[in-house]
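Asks: This is the content of structure.json (JSON, C-alpha atoms and all ligand atoms):
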```json
[["chain", "number", "residue", "atom", "x", "y", "z"],
["A", 1, "MET", "CA", 0.00, 0.00, 0.00],
["A", 2, "LYS", "CA", 1.30, 3.44, -0.98],
["A", 3, "ILE", "CA", 0.42, 6.44, 1.17],
["A", 4, "TYR", "CA", 0.58, 10.07, 0.08],
["A", 5, "LEU", "CA", 2.42, 11.94, 2.82],
["A", 6, "ASN", "CA", 3.34, 15.61, 2.45],
["A", 7, "GLY", "CA", 3.88, 15.47, -1.29],
["A", 8, "GLU", "CA", 5.43, 12.02, -1.55],
["A", 9, "LEU", "CA", 4.13, 8.52, -2.10],
["A", 10, "VAL", "CA", 5.67, 6.25, 0.52],
["A", 11, "GLU", "CA", 5.16, 2.66, 1.63],
["A", 12, "LYS", "CA", 2.65, 2.20, 4.47],
["A", 13, "GLU", "CA", 5.46, 1.18, 6.85],
["A", 14, "GLU", "CA", 7.30, 4.43, 6.10],
["A", 15, "ALA", "CA", 4.27, 6.67, 6.41],
["A", 16, "LYS", "CA", 5.04, 8.14, 9.82],
["A", 17, "ILE", "CA", 4.25, 11.43, 11.47],
["A", 18, "SER", "CA", 5.56, 13.13, 14.61],
["A", 19, "ILE", "CA", 4.08, 12.31, 18.01],
["A", 20, "PHE", "CA", 4.09, 16.10, 18.48],
["A", 21, "ASP", "CA", 1.59, 16.48, 15.64],
["A", 22, "HIS", "CA", -1.41, 18.37, 17.02],
["A", 23, "GLY", "CA", -3.71, 16.16, 14.96],
["A", 24, "LEU", "CA", -2.71, 13.40, 17.37],
["A", 25, "LEU", "CA", -2.24, 15.47, 20.54],
["A", 26, "TYR", "CA", -5.47, 17.47, 20.23],
["A", 27, "GLY", "CA", -7.52, 16.20, 17.30],
["A", 28, "ASP", "CA", -6.60, 19.50, 15.69],
["A", 29, "GLY", "CA", -7.18, 18.92, 12.00],
["A", 30, "VAL", "CA", -9.79, 18.14, 9.36],
["A", 31, "PHE", "CA", -10.54, 15.21, 7.12],
["A", 32, "GLU", "CA", -12.68, 13.71, 4.38],
["A", 33, "GLY", "CA", -13.83, 10.19, 3.59],
["A", 34, "ILE", "CA", -14.21, 9.79, -0.17],
["A", 35, "ARG", "CA", -15.18, 6.83, -2.29],
["A", 36, "SER", "CA", -14.37, 5.57, -5.75],
["A", 37, "TYR", "CA", -16.64, 3.33, -7.80],
["A", 38, "ASN", "CA", -15.14, 1.36, -10.68],
["A", 39, "GLY", "CA", -12.25, 3.81, -10.96],
["A", 40, "ILE", "CA", -14.43, 6.93, -10.74],
["A", 41, "ILE", "CA", -14.02, 9.16, -7.67],
["A", 42, "PHE", "CA", -17.50, 10.20, -6.54],
["A", 43, "LYS", "CA", -18.09, 13.91, -5.81],
["A", 44, "LEU", "CA", -14.38, 14.60, -5.40],
["A", 45, "ARG", "CA", -14.71, 18.36, -5.84],
["A", 46, "GLU", "CA", -17.52, 18.53, -3.27],
["A", 47, "HIS", "CA", -15.32, 16.71, -0.72],
["A", 48, "ILE", "CA", -12.38, 19.02, -1.45],
["A", 49, "ASN", "CA", -14.63, 22.07, -1.06],
["A", 50, "ARG", "CA", -15.96, 20.81, 2.28],
["A", 51, "LEU", "CA", -12.40, 20.08, 3.48],
["A", 52, "PHE", "CA", -11.36, 23.65, 2.66],
["A", 53, "GLU", "CA", -14.44, 25.02, 4.44],
["A", 54, "SER", "CA", -13.69, 22.98, 7.58],
["A", 55, "ALA", "CA", -10.05, 24.13, 7.45],
["A", 56, "HIS", "CA", -11.06, 27.78, 6.94],
["A", 57, "THR", "CA", -13.30, 27.72, 10.01],
["A", 58, "ILE", "CA", -10.55, 26.31, 12.23],
["A", 59, "MET", "CA", -8.02, 28.70, 10.61],
["A", 60, "LEU", "CA", -5.87, 25.88, 9.29],
["A", 61, "LYS", "CA", -3.95, 26.67, 6.14],
["A", 62, "ILE", "CA", -3.89, 23.75, 3.73],
["A", 63, "PRO", "CA", -0.47, 23.93, 2.02],
["A", 64, "LEU", "CA", -1.86, 22.93, -1.39],
["A", 65, "THR", "CA", -4.35, 24.44, -3.80],
["A", 66, "LYS", "CA", -7.65, 22.64, -4.38],
["A", 67, "GLU", "CA", -6.40, 21.57, -7.82],
["A", 68, "ASP", "CA", -3.16, 20.18, -6.38],
["A", 69, "LEU", "CA", -5.06, 18.28, -3.72],
["A", 70, "ILE", "CA", -7.41, 16.81, -6.32],
["A", 71, "GLU", "CA", -4.33, 15.67, -8.27],
["A", 72, "ALA", "CA", -2.82, 14.18, -5.11],
["A", 73, "VAL", "CA", -5.99, 12.13, -4.45],
["A", 74, "LYS", "CA", -6.01, 10.84, -8.04],
["A", 75, "GLN", "CA", -2.28, 10.06, -7.87],
["A", 76, "THR", "CA", -2.78, 8.06, -4.64],
["A", 77, "LEU", "CA", -5.60, 6.04, -6.16],
["A", 78, "ARG", "CA", -3.59, 5.29, -9.30],
["A", 79, "ALA", "CA", -0.54, 4.27, -7.26],
["A", 80, "ASN", "CA", -2.64, 1.72, -5.39],
["A", 81, "GLN", "CA", -4.56, 0.48, -8.44],
["A", 82, "LEU", "CA", -7.79, 0.37, -6.46],
["A", 83, "LYS", "CA", -10.99, 0.78, -8.46],
["A", 84, "GLU", "CA", -13.35, 0.35, -5.50],
["A", 85, "ALA", "CA", -11.70, 2.39, -2.78],
["A", 86, "TYR", "CA", -12.35, 4.29, 0.38],
["A", 87, "ILE", "CA", -10.04, 7.29, 0.40],
["A", 88, "ARG", "CA", -9.14, 9.10, 3.61],
["A", 89, "LEU", "CA", -7.79, 12.61, 3.16],
["A", 90, "VAL", "CA", -6.40, 14.17, 6.34],
["A", 91, "VAL", "CA", -4.87, 17.58, 7.06],
["A", 92, "THR", "CA", -3.57, 18.14, 10.57],
["A", 93, "ARG", "CA", -2.24, 21.30, 12.23],
["A", 94, "GLY", "CA", 1.20, 19.70, 12.07],
["A", 95, "GLU", "CA", 4.05, 19.38, 14.52],
["A", 96, "GLY", "CA", 4.06, 21.79, 17.45],
["A", 97, "ASP", "CA", 4.99, 21.78, 21.13],
["A", 98, "LEU", "CA", 2.96, 20.41, 24.03],
["A", 99, "GLY", "CA", 0.88, 23.56, 24.36],
["A", 100, "LEU", "CA", -2.35, 24.20, 22.46],
["A", 101, "ASP", "CA", -1.04, 27.19, 20.52],
["A", 102, "PRO", "CA", -1.55, 26.43, 16.81],
["A", 103, "ARG", "CA", 0.93, 29.20, 15.91],
["A", 104, "LYS", "CA", 3.70, 26.85, 17.06],
["A", 105, "CYS", "CA", 2.74, 24.42, 14.31],
["A", 106, "LYS", "CA", 4.61, 25.75, 11.33],
["A", 107, "LYS", "CA", 3.45, 23.35, 8.66],
["A", 108, "ALA", "CA", 0.26, 21.34, 8.23],
["A", 109, "THR", "CA", 0.61, 17.59, 7.68],
["A", 110, "VAL", "CA", -1.26, 16.20, 4.66],
["A", 111, "PHE", "CA", -1.81, 12.51, 4.06],
["A", 112, "ILE", "CA", -4.03, 10.39, 1.86],
["A", 113, "ILE", "CA", -4.82, 6.72, 2.32],
["A", 114, "ALA", "CA", -6.57, 4.69, -0.39],
["A", 115, "ASP", "CA", -7.85, 1.46, 1.07],
["A", 116, "LYS", "CA", -10.48, -1.16, 0.36],
["A", 117, "ILE", "CA", -13.96, -0.32, 1.47],
["A", 118, "VAL", "CA", -15.58, -2.35, 4.26],
["A", 119, "LEU", "CA", -19.31, -2.46, 3.61],
["A", 120, "TYR", "CA", -22.29, -3.34, 5.74],
["A", 121, "PRO", "CA", -23.39, -6.87, 4.74],
["A", 122, "GLU", "CA", -25.54, -6.69, 1.55],
["A", 123, "GLU", "CA", -28.35, -8.39, 3.48],
["A", 124, "LEU", "CA", -28.83, -5.31, 5.69],
["A", 125, "TYR", "CA", -29.60, -3.21, 2.61],
["A", 126, "GLU", "CA", -32.44, -5.61, 1.88],
["A", 127, "THR", "CA", -33.82, -6.11, 5.39],
["A", 128, "GLY", "CA", -32.96, -2.71, 6.92],
["A", 129, "LEU", "CA", -31.29, -1.80, 10.20],
["A", 130, "ALA", "CA", -32.70, -1.73, 13.73],
["A", 131, "ILE", "CA", -31.10, 1.20, 15.54],
["A", 132, "ILE", "CA", -31.42, 3.11, 18.81],
["A", 133, "THR", "CA", -31.18, 6.62, 20.21],
["A", 134, "VAL", "CA", -28.27, 7.01, 22.63],
["A", 135, "PRO", "CA", -27.88, 9.27, 25.69],
["A", 136, "THR", "CA", -24.80, 11.14, 24.41],
["A", 137, "ARG", "CA", -25.97, 14.34, 22.72],
["A", 138, "ARG", "CA", -24.39, 15.70, 19.55],
["A", 139, "ASN", "CA", -21.93, 18.53, 20.14],
["A", 140, "VAL", "CA", -23.67, 21.89, 20.35],
["A", 141, "PRO", "CA", -22.80, 24.01, 17.30],
["A", 142, "GLU", "CA", -22.00, 26.91, 19.63],
["A", 143, "ALA", "CA", -19.13, 24.85, 21.09],
["A", 144, "LEU", "CA", -17.94, 22.67, 18.21],
["A", 145, "ASN", "CA", -20.03, 22.87, 15.08],
["A", 146, "PRO", "CA", -20.74, 19.41, 13.60],
["A", 147, "GLN", "CA", -20.46, 21.09, 10.18],
["A", 148, "ILE", "CA", -16.70, 21.12, 10.74],
["A", 149, "LYS", "CA", -15.45, 17.69, 9.75],
["A", 150, "SER", "CA", -12.65, 17.76, 12.29],
["A", 151, "LEU", "CA", -10.38, 15.04, 13.64],
["A", 152, "ASN", "CA", -12.15, 15.45, 16.97],
["A", 153, "TYR", "CA", -14.61, 12.55, 16.73],
["A", 154, "LEU", "CA", -14.83, 11.60, 20.40],
["A", 155, "ASN", "CA", -18.45, 12.81, 20.60],
["A", 156, "ASN", "CA", -19.37, 10.35, 17.84],
["A", 157, "ILE", "CA", -17.23, 7.57, 19.31],
["A", 158, "LEU", "CA", -18.98, 7.89, 22.69],
["A", 159, "ALA", "CA", -22.32, 7.47, 20.93],
["A", 160, "LYS", "CA", -20.94, 4.52, 18.96],
["A", 161, "ILE", "CA", -19.82, 2.85, 22.20],
["A", 162, "GLU", "CA", -23.36, 3.22, 23.57],
["A", 163, "ALA", "CA", -24.78, 1.62, 20.41],
["A", 164, "ILE", "CA", -22.27, -1.25, 20.63],
["A", 165, "ASN", "CA", -23.09, -1.78, 24.33],
["A", 166, "ALA", "CA", -26.74, -2.14, 23.34],
["A", 167, "ASN", "CA", -25.95, -4.48, 20.42],
["A", 168, "SER", "CA", -27.10, -1.91, 17.88],
["A", 169, "GLU", "CA", -25.36, -1.26, 14.54],
["A", 170, "GLU", "CA", -25.83, 2.50, 14.74],
["A", 171, "ALA", "CA", -26.77, 5.28, 17.14],
["A", 172, "ILE", "CA", -29.12, 8.18, 16.58],
["A", 173, "MET", "CA", -27.76, 11.29, 18.26],
["A", 174, "LEU", "CA", -30.06, 14.07, 19.45],
["A", 175, "ASN", "CA", -28.96, 17.65, 19.89],
["A", 176, "ALA", "CA", -28.94, 19.40, 23.27],
["A", 177, "GLN", "CA", -32.65, 20.32, 22.87],
["A", 178, "GLY", "CA", -33.61, 16.72, 22.15],
["A", 179, "TYR", "CA", -34.15, 17.11, 18.40],
["A", 180, "VAL", "CA", -32.80, 14.47, 16.04],
["A", 181, "ALA", "CA", -29.35, 15.45, 14.76],
["A", 182, "GLU", "CA", -27.64, 12.57, 12.96],
["A", 183, "CYS", "CA", -26.01, 9.18, 13.43],
["A", 184, "THR", "CA", -22.36, 8.71, 14.39],
["A", 185, "GLY", "CA", -21.18, 8.77, 10.78],
["A", 186, "ASP", "CA", -24.36, 9.12, 8.73],
["A", 187, "ASN", "CA", -27.19, 11.58, 8.14],
["A", 188, "ILE", "CA", -30.85, 10.70, 8.73],
["A", 189, "PHE", "CA", -33.88, 11.01, 6.44],
["A", 190, "ILE", "CA", -37.54, 10.15, 6.86],
["A", 191, "VAL", "CA", -40.33, 9.86, 4.34],
["A", 192, "ALA", "CA", -43.62, 11.16, 5.76],
["A", 193, "LYS", "CA", -46.82, 11.76, 3.77],
["A", 194, "GLY", "CA", -44.87, 11.63, 0.52],
["A", 195, "LYS", "CA", -42.32, 14.24, 1.59],
["A", 196, "LEU", "CA", -38.65, 13.74, 2.36],
["A", 197, "LEU", "CA", -37.51, 15.30, 5.64],
["A", 198, "THR", "CA", -34.05, 15.60, 7.15],
["A", 199, "PRO", "CA", -32.61, 17.63, 10.04],
["A", 200, "ALA", "CA", -31.38, 21.07, 8.96],
["A", 201, "PRO", "CA", -27.62, 21.59, 9.49],
["A", 202, "TYR", "CA", -28.31, 24.24, 12.20],
["A", 203, "VAL", "CA", -29.79, 21.48, 14.37],
["A", 204, "GLY", "CA", -26.22, 20.15, 14.62],
["A", 205, "THR", "CA", -25.39, 17.86, 11.72],
["A", 206, "LEU", "CA", -22.71, 17.50, 9.15],
["A", 207, "LYS", "CA", -23.86, 18.63, 5.71],
["A", 208, "GLY", "CA", -23.25, 15.21, 4.20],
["A", 209, "ILE", "CA", -22.32, 14.93, 0.56],
["A", 210, "THR", "CA", -24.47, 11.81, 0.22],
["A", 211, "ARG", "CA", -27.23, 13.79, 1.95],
["A", 212, "ASP", "CA", -26.95, 16.59, -0.62],
["A", 213, "THR", "CA", -26.90, 14.04, -3.45],
["A", 214, "VAL", "CA", -30.06, 12.36, -2.12],
["A", 215, "ILE", "CA", -31.81, 15.73, -1.80],
["A", 216, "ALA", "CA", -30.95, 16.51, -5.43],
["A", 217, "LEU", "CA", -32.14, 13.07, -6.62],
["A", 218, "ALA", "CA", -35.43, 13.43, -4.73],
["A", 219, "GLN", "CA", -36.03, 16.91, -6.14],
["A", 220, "LYS", "CA", -35.40, 15.55, -9.64],
["A", 221, "ASP", "CA", -38.11, 12.96, -8.88],
["A", 222, "GLN", "CA", -40.50, 15.82, -7.90],
["A", 223, "ILE", "CA", -40.44, 14.82, -4.23],
["A", 224, "VAL", "CA", -40.79, 17.77, -1.83],
["A", 225, "VAL", "CA", -37.77, 17.97, 0.49],
["A", 226, "HIS", "CA", -37.68, 19.84, 3.80],
["A", 227, "GLU", "CA", -34.59, 20.50, 5.90],
["A", 228, "THR", "CA", -36.27, 20.90, 9.24],
["A", 229, "ILE", "CA", -36.53, 19.95, 12.91],
["A", 230, "LEU", "CA", -37.42, 16.34, 13.73],
["A", 231, "THR", "CA", -38.29, 14.64, 17.01],
["A", 232, "ARG", "CA", -38.11, 10.96, 17.94],
["A", 233, "HIS", "CA", -41.91, 10.92, 17.58],
["A", 234, "ASP", "CA", -41.47, 11.97, 13.93],
["A", 235, "LEU", "CA", -39.04, 9.11, 13.39],
["A", 236, "PHE", "CA", -41.27, 6.51, 15.08],
["A", 237, "ASN", "CA", -44.25, 7.53, 12.93],
["A", 238, "ALA", "CA", -42.45, 7.95, 9.62],
["A", 239, "ASP", "CA", -43.47, 5.88, 6.61],
["A", 240, "GLU", "CA", -39.83, 5.22, 5.78],
["A", 241, "LEU", "CA", -36.47, 5.97, 7.32],
["A", 242, "PHE", "CA", -32.95, 5.68, 5.95],
["A", 243, "LEU", "CA", -29.38, 6.80, 6.63],
["A", 244, "THR", "CA", -26.89, 8.29, 4.17],
["A", 245, "GLY", "CA", -23.12, 8.46, 4.18],
["A", 246, "THR", "CA", -20.13, 7.94, 1.92],
["A", 247, "ALA", "CA", -19.39, 4.49, 3.33],
["A", 248, "ALA", "CA", -22.99, 3.39, 4.02],
["A", 249, "GLU", "CA", -24.46, 5.00, 0.85],
["A", 250, "ILE", "CA", -28.22, 4.78, 1.47],
["A", 251, "ILE", "CA", -29.22, 2.17, 4.03],
["A", 252, "PRO", "CA", -32.82, 1.54, 5.13],
["A", 253, "VAL", "CA", -33.82, 1.54, 8.82],
["A", 254, "VAL", "CA", -36.86, -0.47, 9.86],
["A", 255, "LYS", "CA", -36.79, -0.13, 13.64],
["A", 256, "VAL", "CA", -35.94, 2.74, 16.00],
["A", 257, "ASP", "CA", -35.88, 2.20, 19.79],
["A", 258, "GLY", "CA", -38.05, -0.90, 19.34],
["A", 259, "ARG", "CA", -40.70, 0.90, 17.25],
["A", 260, "VAL", "CA", -41.36, -0.55, 13.81],
["A", 261, "ILE", "CA", -41.04, 2.06, 11.07],
["A", 262, "GLY", "CA", -43.74, 1.97, 8.38],
["A", 263, "THR", "CA", -44.32, -1.58, 7.16],
["A", 264, "GLY", "CA", -41.13, -2.85, 8.80],
["A", 265, "LYS", "CA", -39.54, -3.27, 5.37],
["A", 266, "PRO", "CA", -37.53, -0.82, 3.25],
["A", 267, "GLY", "CA", -40.10, 1.41, 1.56],
["A", 268, "PRO", "CA", -40.61, 2.35, -2.10],
["A", 269, "VAL", "CA", -39.08, 5.84, -1.90],
["A", 270, "THR", "CA", -35.97, 4.47, -0.15],
["A", 271, "LEU", "CA", -35.58, 1.67, -2.70],
["A", 272, "ARG", "CA", -35.97, 4.07, -5.61],
["A", 273, "LEU", "CA", -33.40, 6.49, -4.21],
["A", 274, "MET", "CA", -31.00, 3.61, -3.52],
["A", 275, "LYS", "CA", -31.28, 2.52, -7.14],
["A", 276, "GLU", "CA", -30.84, 6.05, -8.49],
["A", 277, "PHE", "CA", -27.91, 6.66, -6.18],
["A", 278, "ARG", "CA", -26.14, 3.50, -7.32],
["A", 279, "GLU", "CA", -26.68, 4.45, -10.96],
["A", 280, "LEU", "CA", -25.25, 7.91, -10.33],
["A", 281, "THR", "CA", -22.06, 6.50, -8.77],
["A", 282, "THR", "CA", -21.28, 4.68, -12.02],
["A", 283, "ILE", "CA", -21.38, 7.81, -14.17],
["A", 284, "ASP", "CA", -20.80, 10.87, -12.00],
["A", 285, "GLY", "CA", -17.13, 11.81, -12.23],
["A", 286, "GLU", "CA", -13.96, 11.34, -14.20],
["A", 287, "LYS", "CA", -12.56, 7.85, -14.75],
["A", 288, "ILE", "CA", -9.17, 7.63, -13.02],
["A", 289, "LEU", "CA", -8.52, 3.91, -13.41],
["A", 290, "ASN", "CA", -9.64, 1.55, -16.17],
["B", 1, "LIG", "N1", -22.42, 12.76, 9.72],
["B", 1, "LIG", "C1", -21.21, 12.48, 10.23],
["B", 1, "LIG", "C2", -20.94, 12.78, 11.66],
["B", 1, "LIG", "C3", -20.22, 11.89, 9.42],
["B", 1, "LIG", "O1", -19.01, 11.60, 9.91],
["B", 1, "LIG", "C4", -20.52, 11.57, 8.07],
["B", 1, "LIG", "C5", -19.50, 10.88, 7.21],
["B", 1, "LIG", "N2", -18.59, 11.77, 6.67],
["B", 1, "LIG", "C6", -21.79, 11.89, 7.57],
["B", 1, "LIG", "C7", -22.71, 12.49, 8.44],
["B", 1, "LIG", "C8", -22.16, 11.64, 6.16],
["B", 1, "LIG", "O2", -21.48, 12.53, 5.30],
["B", 1, "LIG", "P1", -21.07, 12.12, 3.82],
["B", 1, "LIG", "O3", -22.32, 11.78, 3.10],
["B", 1, "LIG", "O4", -20.42, 13.35, 3.27],
["B", 1, "LIG", "O5", -20.15, 10.97, 3.91]]
```
For the file at hand, write its structure as structure tokens.
Ligand code: PMP
Replies:
Amino acid sequence: MKIYLNGELVEKEEAKISIFDHGLLYGDGVFEGIRSYNGIIFKLREHINRLFESAHTIMLKIPLTKEDLIEAVKQTLRANQLKEAYIRLVVTRGEGDLGLDPRKCKKATVFIIADKIVLYPEELYETGLAIITVPTRRNVPEALNPQIKSLNYLNNILAKIEAINANSEEAIMLNAQGYVAECTGDNIFIVAKGKLLTPAPYVGTLKGITRDTVIALAQKDQIVVHETILTRHDLFNADELFLTGTAAEIIPVVKVDGRVIGTGKPGPVTLRLMKEFRELTTIDGEKILN
């Protein structure tokens, strides 16, 4: 496996960074998880744009232009000859001292890993997930905005631990007011009375790229979409429910906190969007590997 590290492609064993890197010491950095389908990188520019937005908000200077970073991602994928890949792009504050002061970190660290994708078992896409709400609330945007895709994922990991302890595949996180925010690494959608509803980013969610893609697909299908406020009651009484994310794509949910959602089977709107999404991944983007 070849890793892109600060402008060079190195073997995995040689891809090392300083233990004084503030990405490690403080989770001070930003990242993206990107996917390629049959040699086509899906929504690469959207991921790069979101990375730059996250970096801008935390005042982290990425030492490459967007175009150079796009080239670096493509180069990493080619070097690993992976057509179906999960690509992790990380920019940390870089090496500093033991204090918090980011001014001591003179140069950001940039690395890119192209690895195989680990998927949920195909069966779960047919039967749907049973998931739960967990006690850990999503970070309040006033403290650490979930729209920043930062290396600080402990909030999500705490929720994941609660899901694992309860034998659940995923956790629904509420915001501090008790409104539905998102899952630990996925956004949430419901279908109710023919409309598609999803928590608005101000509730405290990441503006997922799969989320935005699903919204666009639904609008193309003349489905009304609302970015809004949702309660657990709304989820329990939805006709359909599904999660979206780069790794998960679109995955149906048929049970929340023991309540059966809709018919208890993936619904027609979900299935249609899943099909349209899969079709889009085969054509949307430039072919990097044949
Ligand atoms: N929410 C969180 C907290 C995430 O980590 C992710 C995965 N990046 C998502 C939502 C889904 O975003 P995307 O569709 O861009 O992968």
Asks: Can you build me a table of chain A residues sitting at most 8 Å from ligand LIG 1 (chain B), with the closest atom pair per residue and its distance in Å to one decimal, using all atoms listed in the file, sorted by chain and residue number, as a Markdown table?
Replies:
```
| residue | atom | partner | partner_atom | distance |
| --- | --- | --- | --- | --- |
| A:Glu32 | CA | B:LIG1 | N2 | 6.6 |
| A:Gly33 | CA | B:LIG1 | N2 | 5.9 |
| A:Ile34 | CA | B:LIG1 | O5 | 7.3 |
| A:His47 | CA | B:LIG1 | O4 | 7.3 |
| A:Pro146 | CA | B:LIG1 | C2 | 6.9 |
| A:Lys149 | CA | B:LIG1 | O1 | 7.1 |
| A:Asn156 | CA | B:LIG1 | C2 | 6.8 |
| A:Glu182 | CA | B:LIG1 | N1 | 6.1 |
| A:Cys183 | CA | B:LIG1 | N1 | 6.3 |
| A:Thr184 | CA | B:LIG1 | C2 | 5.1 |
| A:Gly185 | CA | B:LIG1 | C3 | 3.5 |
| A:Asp186 | CA | B:LIG1 | C7 | 3.8 |
| A:Asn187 | CA | B:LIG1 | C7 | 4.6 |
| A:Thr205 | CA | B:LIG1 | N1 | 6.2 |
| A:Leu206 | CA | B:LIG1 | N1 | 4.8 |
| A:Lys207 | CA | B:LIG1 | O2 | 6.6 |
| A:Gly208 | CA | B:LIG1 | O2 | 3.4 |
| A:Ile209 | CA | B:LIG1 | O4 | 3.7 |
| A:Thr210 | CA | B:LIG1 | O3 | 3.6 |
| A:Arg211 | CA | B:LIG1 | O3 | 5.4 |
| A:Asp212 | CA | B:LIG1 | O3 | 7.6 |
| A:Thr244 | CA | B:LIG1 | O3 | 5.8 |
| A:Gly245 | CA | B:LIG1 | O3 | 3.6 |
| A:Thr246 | CA | B:LIG1 | O5 | 3.6 |
| A:Ala247 | CA | B:LIG1 | O5 | 6.6 |
| A:Glu249 | CA | B:LIG1 | O3 | 7.5 |
```
Asks: Report the distance between CA of Leu44 (chain A) and CA of Val253 (chain A) in Å, rounded to one decimal place.
Replies: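 These two atoms are separated by 27.4 Å.
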Asks: What gap, in Å, lies between CA of Arg78 (chain A) and CA of Glu279 (chain A)?
Replies: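 Interatomic distance here is 23.2 Å.
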Asks: Quick one, how far is CA of Leu196 (chain A) from CA of Ile223 (chain A)?
Replies: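 These two atoms are separated by 6.9 Å.
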Asks: Can you work out which one of A:Leu158, A:Ala55, A:Ala218, A:Leu98 has the shortest atom-to-atom distance to His22 (chain A), counting only C-alpha atoms?
Replies: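 When distances to His22 (chain A) are compared using only C-alpha atoms, the smallest one comes from A:Leu98.
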Asks: Tell me which protein, DNA and RNA residues are within 6 Å of region 137-140 of chain A, counting all atoms listed in the file, leaving out same-chain ones fewer than 2 positions away, and put them as a PyMOL selection string.
Replies: chain A and resi 142-143+173-176
Asks: As AutoDock Vina command-line options, please: the centre and edge lengths in Å, to one decimal, of an axis-aligned box enclosing every listed atom of region 164-178 of chain A with 6 Å added on each side.
Replies:
```
--center_x -27.9 --center_y 7.9 --center_z 19.4 --size_x 23.3 --size_y 36.8 --size_z 21.8
```
Asks: Point out the residue among A:Gly7, A:Pro121, A:Gly194, A:Gly94 with the least atom-to-atom distance to Val30 (chain A), counting only C-alpha atoms.
Replies: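 For Val30 (chain A), the nearest of the candidates is A:Gly94.
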Asks: If we count all atoms listed in the file, what is near Gly258 (chain A) at a cut-off of 10 Å, once residues fewer than 2 positions away on the same chain are taken out, given as a short mmCIF file (atom, residue, chain, number, x, y, z; two decimals) with C-alpha atoms, keeping the file's coordinate frame?
Replies:
```
data_model
loop_
_atom_site.label_atom_id
_atom_site.label_comp_id
_atom_site.auth_asym_id
_atom_site.auth_seq_id
_atom_site.Cartn_x
_atom_site.Cartn_y
_atom_site.Cartn_z
CA ALA A 130 -32.70 -1.73 13.73
CA ILE A 131 -31.10 1.20 15.54
CA ILE A 132 -31.42 3.11 18.81
CA PHE A 236 -41.27 6.51 15.08
CA VAL A 254 -36.86 -0.47 9.86
CA LYS A 255 -36.79 -0.13 13.64
CA VAL A 256 -35.94 2.74 16.00
CA VAL A 260 -41.36 -0.55 13.81
CA ILE A 261 -41.04 2.06 11.07
#
```
Asks: As a compact mmCIF listing (two decimals) with C-alpha atoms, in the frame of the given file, please: the residues near Lys275 (chain A) (cut-off 12 Å, all atoms listed in the file, same-chain neighbours under 5 positions excluded).
Replies:
```txt
# COMPACT_ATOMS: atom_id res chain seq x y z
CA TYR A 125 -29.60 -3.21 2.61
CA VAL A 214 -30.06 12.36 -2.12
CA LEU A 217 -32.14 13.07 -6.62
CA ALA A 218 -35.43 13.43 -4.73
CA GLU A 249 -24.46 5.00 0.85
CA ILE A 250 -28.22 4.78 1.47
CA ILE A 251 -29.22 2.17 4.03
CA PRO A 268 -40.61 2.35 -2.10
CA VAL A 269 -39.08 5.84 -1.90
CA THR A 270 -35.97 4.47 -0.15
CA LEU A 280 -25.25 7.91 -10.33
CA THR A 281 -22.06 6.50 -8.77
CA THR A 282 -21.28 4.68 -12.02
```
Asks: Please check which residues have atoms at most 12 Å from (2.2, 13.2, 18.6) in the file's coordinates, counting only C-alpha atoms, and write them as a PyMOL selection string.
Replies: chain A and resi 16-28+92-99+109
Asks: Write out as a list in words the residues lying within 12 Å of Asp234 (chain A), counting only C-alpha atoms and excluding same-chain residues fewer than 2 positions away.
Replies: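 Near neighbours after the sequence-gap exclusion: Tyr179, Val180, Ile188, Phe189, Ile190, Val191, Ala192, Lys193, Leu197, Thr198, Pro199, Thr228, Ile229, Leu230, Thr231, Arg232, Phe236, Asn237, Ala238, Asp239, Glu240, Leu241, Val256, Arg259, Ile261 and Gly262 of chain A.
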Asks: Give me the residues near Val10 (chain A) as number ranges by chain, where near means some atom within 12 Å (using only C-alpha atoms) and where sequence neighbours in that chain fewer than 3 positions away do not count.
Replies: A: 1-7, 13-16, 76, 79-80, 111-113
Asks: Which is closer to Pro141 (chain A) than all the others in A:Leu51, A:Ala85, A:Leu273, A:Ala181, using all atoms listed in the file?
Replies: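 Once distances to Pro141 (chain A) are computed over all atoms listed in the file, the minimum belongs to A:Ala181.
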